[in-house]
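K.L.:
One structure follows; several queries about it will come next.
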Amino acid sequence: MPIRPTPQEKSETLAWLRRISGDLATATIKRLEDSLPWYAEMPPARRSAVGLVAQAGISAFIQWYDDPGAQPWIAADIFAAAPRELLRSVSLTQTLQLIRVTVEVTEERVAGRGDDLRESMLLYSREVAFAAADVYARAAEARGLWDARLEALVVDSILTGEADEELPSRIAALGWHGHGEVAVLVGTTPAQFDVDQLRRLARKLGVDVLIGVQGSRLVLVIGRAEAPGAEESDEQQLPFPEIAKRLEPGFGTGHLVLGPPVPALVDAGQSARAALAGFAVAKAWRHAPRPVEADDLLPERALAGDPLAKATLVERIYRPLQAHSADLVATLWSYLDNGRSLEATARELFVHPNTVRYRLKRVSDVIGWDATGPREALILQTALIIGSIGTDVTRRRAAPLRRP
């Protein structure tokens, strides 16, 4: 056990430490330049800031040695000398290297002044290392909270359609690595929600996600994470419905609705509106799959008054059929009105049943929906009704006004 110095000896040691503090700081800076490559590559202003931190550490040690019982928050005293950008540009590993070099230089200078001073130096360096780790941990926690708030703001902007010119910069601040098409997935929040596990699962699928929790509703904005032109694996080639299916375990019970893909993240509001509208009416489809695409819920959305669903039905079904052939529209109307009976449709149209089959196949080729299936028949019949209503309304509006 080292012998404790007398008050007189301690007073002399303190006076000696104060005299050599400037020399210690100079020697420390010289050692940093010689032993740490990252320090030598720093801009002059940052090297100066690091020097101030080293000098503050030496001064704080002298104060601590004078009164160890007071033991102020060392990190606050030392890092207060550094500008905020220094804490962002110097990593924790580099900070610990800085502490190690400073301690080595100081140890070499105090080697002949007794074991008590050396023991105090080692104890102080340990406290500084723990304090530095605490500073960086608090900074990381604050950064995480800020990122969470910013992510929630971005997701909310996408859902409400209130995107502005600041949205791209906010997305970039979150470190979004997605590119190309984006889709929005809406479901329920699980009772024990593990956001980190969901992000890990997304990374395995080769996608980046923005996550928004709005009470019982969980929203994911999904985009592919690899840069264009990079070699893509099978996982990265997955279509969005398959990606949604693999992300499904991260959601709570209930319906899970995937919006249609859009070209870029700034257009994600279109996919979000479709997904939210589908989520609101998904319970109307008794046997809806999980996940279900929003476009598979077009009839329910249209009945609920969703203008986007009505426009989609008209643009993707009614108008293409009408532009292709009036016979296709008439055949489809008759087929659906006659309970999807080929014979009844053929009798009404005075054609052979094979002609009806051919026309229905042409309908499927033109719009991609097969009228012979019960679910798709509902979608097509809704499109015909809405398209006809819209056409009649347009015709009436376009009619010239007659003067009495």
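Each chain of the structure tokens is named A, B, ... in the order shown, its residues numbered from 1; ligands are numbered from 1 in display order.
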Need to verify the contact set: stretch 35-41 of chain A, 10 Å, only C-alpha atoms, exclusion of same-chain residues closer than 4 positions in sequence. Can you return it as a short mmCIF file (atom, residue, chain, number, x, y, z; two decimals) with C-alpha atoms, in the first residue's frame?
P.N.:
data_model
loop_
_atom_site.label_atom_id
_atom_site.label_comp_id
_atom_site.auth_asym_id
_atom_site.auth_seq_id
_atom_site.Cartn_x
_atom_site.Cartn_y
_atom_site.Cartn_z
CA ILE A 29 -0.14 17.24 -28.44
CA LYS A 30 3.25 16.18 -29.80
CA ARG A 31 2.57 12.54 -28.83
CA ARG A 46 -10.31 20.43 -34.91
CA ARG A 47 -6.75 19.64 -33.85
CA VAL A 50 -8.64 18.30 -29.34
CA VAL A 90 -14.50 12.12 -33.02
CA GLN A 94 -10.67 7.87 -30.80
CA GLN A 97 -7.09 6.72 -27.55
CA LEU A 98 -6.80 10.40 -26.67
CA VAL A 101 -2.03 9.04 -24.77
#
K.L.:
List as JSON, numbers by chain the protein and nucleic acid residues near stretch 15-20 of chain A, meaning an atom at most 10 Å away when only C-alpha atoms are counted, but skip any in the same chain fewer than 3 places from it.
P.N.:
{"A": [9, 10, 11, 12, 23, 24, 25, 26, 58, 59, 61, 62, 63, 65, 106, 109, 110, 113]}
K.L.:
Mind dumping the selected residues with N, CA and C atoms as a PDB file, in the first residue's frame?
P.N.:
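again_34.pdb written:
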ATOM      1  N   GLU A   9       3.737  17.795   1.681  1.00  0.00           N
ATOM      2  CA  GLU A   9       4.168  17.139   0.445  1.00  0.00           C
ATOM      3  C   GLU A   9       3.103  17.258  -0.659  1.00  0.00           C
ATOM      4  N   LYS A  10       1.863  17.134  -0.268  1.00  0.00           N
ATOM      5  CA  LYS A  10       0.796  17.249  -1.268  1.00  0.00           C
ATOM      6  C   LYS A  10       0.727  18.653  -1.826  1.00  0.00           C
ATOM      7  N   SER A  11       0.924  19.659  -0.953  1.00  0.00           N
ATOM      8  CA  SER A  11       0.919  21.048  -1.418  1.00  0.00           C
ATOM      9  C   SER A  11       2.060  21.297  -2.401  1.00  0.00           C
ATOM     10  N   GLU A  12       3.227  20.730  -2.117  1.00  0.00           N
ATOM     11  CA  GLU A  12       4.355  20.903  -3.031  1.00  0.00           C
ATOM     12  C   GLU A  12       4.094  20.198  -4.370  1.00  0.00           C
ATOM     13  N   ASP A  23       3.590  22.338 -19.996  1.00  0.00           N
ATOM     14  CA  ASP A  23       4.515  21.419 -20.659  1.00  0.00           C
ATOM     15  C   ASP A  23       3.835  20.070 -20.939  1.00  0.00           C
ATOM     16  N   LEU A  24       2.992  19.613 -20.002  1.00  0.00           N
ATOM     17  CA  LEU A  24       2.280  18.355 -20.205  1.00  0.00           C
ATOM     18  C   LEU A  24       1.351  18.435 -21.416  1.00  0.00           C
ATOM     19  N   ALA A  25       0.641  19.551 -21.541  1.00  0.00           N
ATOM     20  CA  ALA A  25      -0.267  19.726 -22.672  1.00  0.00           C
ATOM     21  C   ALA A  25       0.503  19.735 -23.997  1.00  0.00           C
ATOM     22  N   THR A  26       1.659  20.442 -24.005  1.00  0.00           N
ATOM     23  CA  THR A  26       2.472  20.494 -25.226  1.00  0.00           C
ATOM     24  C   THR A  26       2.992  19.113 -25.597  1.00  0.00           C
ATOM     25  N   ILE A  58      -5.987  17.651 -18.204  1.00  0.00           N
ATOM     26  CA  ILE A  58      -4.855  17.795 -17.271  1.00  0.00           C
ATOM     27  C   ILE A  58      -5.220  18.750 -16.131  1.00  0.00           C
ATOM     28  N   SER A  59      -5.865  19.881 -16.465  1.00  0.00           N
ATOM     29  CA  SER A  59      -6.271  20.837 -15.425  1.00  0.00           C
ATOM     30  C   SER A  59      -7.283  20.217 -14.470  1.00  0.00           C
ATOM     31  N   PHE A  61      -7.528  17.071 -13.722  1.00  0.00           N
ATOM     32  CA  PHE A  61      -6.842  16.117 -12.858  1.00  0.00           C
ATOM     33  C   PHE A  61      -6.193  16.823 -11.671  1.00  0.00           C
ATOM     34  N   ILE A  62      -5.597  17.980 -11.937  1.00  0.00           N
ATOM     35  CA  ILE A  62      -4.958  18.718 -10.842  1.00  0.00           C
ATOM     36  C   ILE A  62      -6.004  19.127  -9.807  1.00  0.00           C
ATOM     37  N   GLN A  63      -7.163  19.593 -10.274  1.00  0.00           N
ATOM     38  CA  GLN A  63      -8.228  19.967  -9.336  1.00  0.00           C
ATOM     39  C   GLN A  63      -8.744  18.743  -8.580  1.00  0.00           C
ATOM     40  N   TYR A  65      -7.055  15.986  -7.919  1.00  0.00           N
ATOM     41  CA  TYR A  65      -6.022  15.539  -6.983  1.00  0.00           C
ATOM     42  C   TYR A  65      -6.020  16.413  -5.728  1.00  0.00           C
ATOM     43  N   THR A 106       1.435  11.879 -19.016  1.00  0.00           N
ATOM     44  CA  THR A 106       1.426  12.360 -17.630  1.00  0.00           C
ATOM     45  C   THR A 106       2.129  11.368 -16.716  1.00  0.00           C
ATOM     46  N   ARG A 109       5.857  11.780 -16.810  1.00  0.00           N
ATOM     47  CA  ARG A 109       6.363  12.971 -16.125  1.00  0.00           C
ATOM     48  C   ARG A 109       6.273  12.850 -14.609  1.00  0.00           C
ATOM     49  N   VAL A 110       5.292  12.095 -14.087  1.00  0.00           N
ATOM     50  CA  VAL A 110       5.131  12.013 -12.626  1.00  0.00           C
ATOM     51  C   VAL A 110       5.748  10.740 -12.068  1.00  0.00           C
ATOM     52  N   ARG A 113       7.619  10.989  -8.687  1.00  0.00           N
ATOM     53  CA  ARG A 113       7.001  11.791  -7.619  1.00  0.00           C
ATOM     54  C   ARG A 113       6.255  10.951  -6.597  1.00  0.00           C
TER      55      ARG A 113
END
K.L.:
Residues near stretch 289-295 of chain A, anyone? I mean within 9 Å using only C-alpha atoms, not counting same-chain ones fewer than 5 positions away, as a count of residues only.
P.N.:
24
K.L.:
Set the distance at 12 Å and use only C-alpha atoms: which residues neighbour A:Gly212 once local chain neighbours fewer than 5 positions away are removed? I'd like the list as a ChimeraX atom specification.
P.N.:
/A:147-159,184-189,193,195,217-222,272
K.L.:
Find the distance between atom CA of A:Gly51 and atom CA of A:Gly22 and write it in Å to one decimal.
P.N.:
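Taking atom CA of A:Gly51 and atom CA of A:Gly22, their separation equals 11.3 Å.
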K.L.:
Between A:Gly206, A:Gly269, A:Gly368, A:Gly305, which has the minimum distance to A:Thr160 (counting only C-alpha atoms)?
P.N.:
A:Gly269
K.L.:
Enumerate, as JSON, numbers by chain, the complete set of residues in stretch 214-278 of chain A that a backbone-based DSSP assignment places in strand (DSSP E).
P.N.:
{"A": [214, 217, 218, 219, 220, 221, 222, 223, 224, 257, 258]}
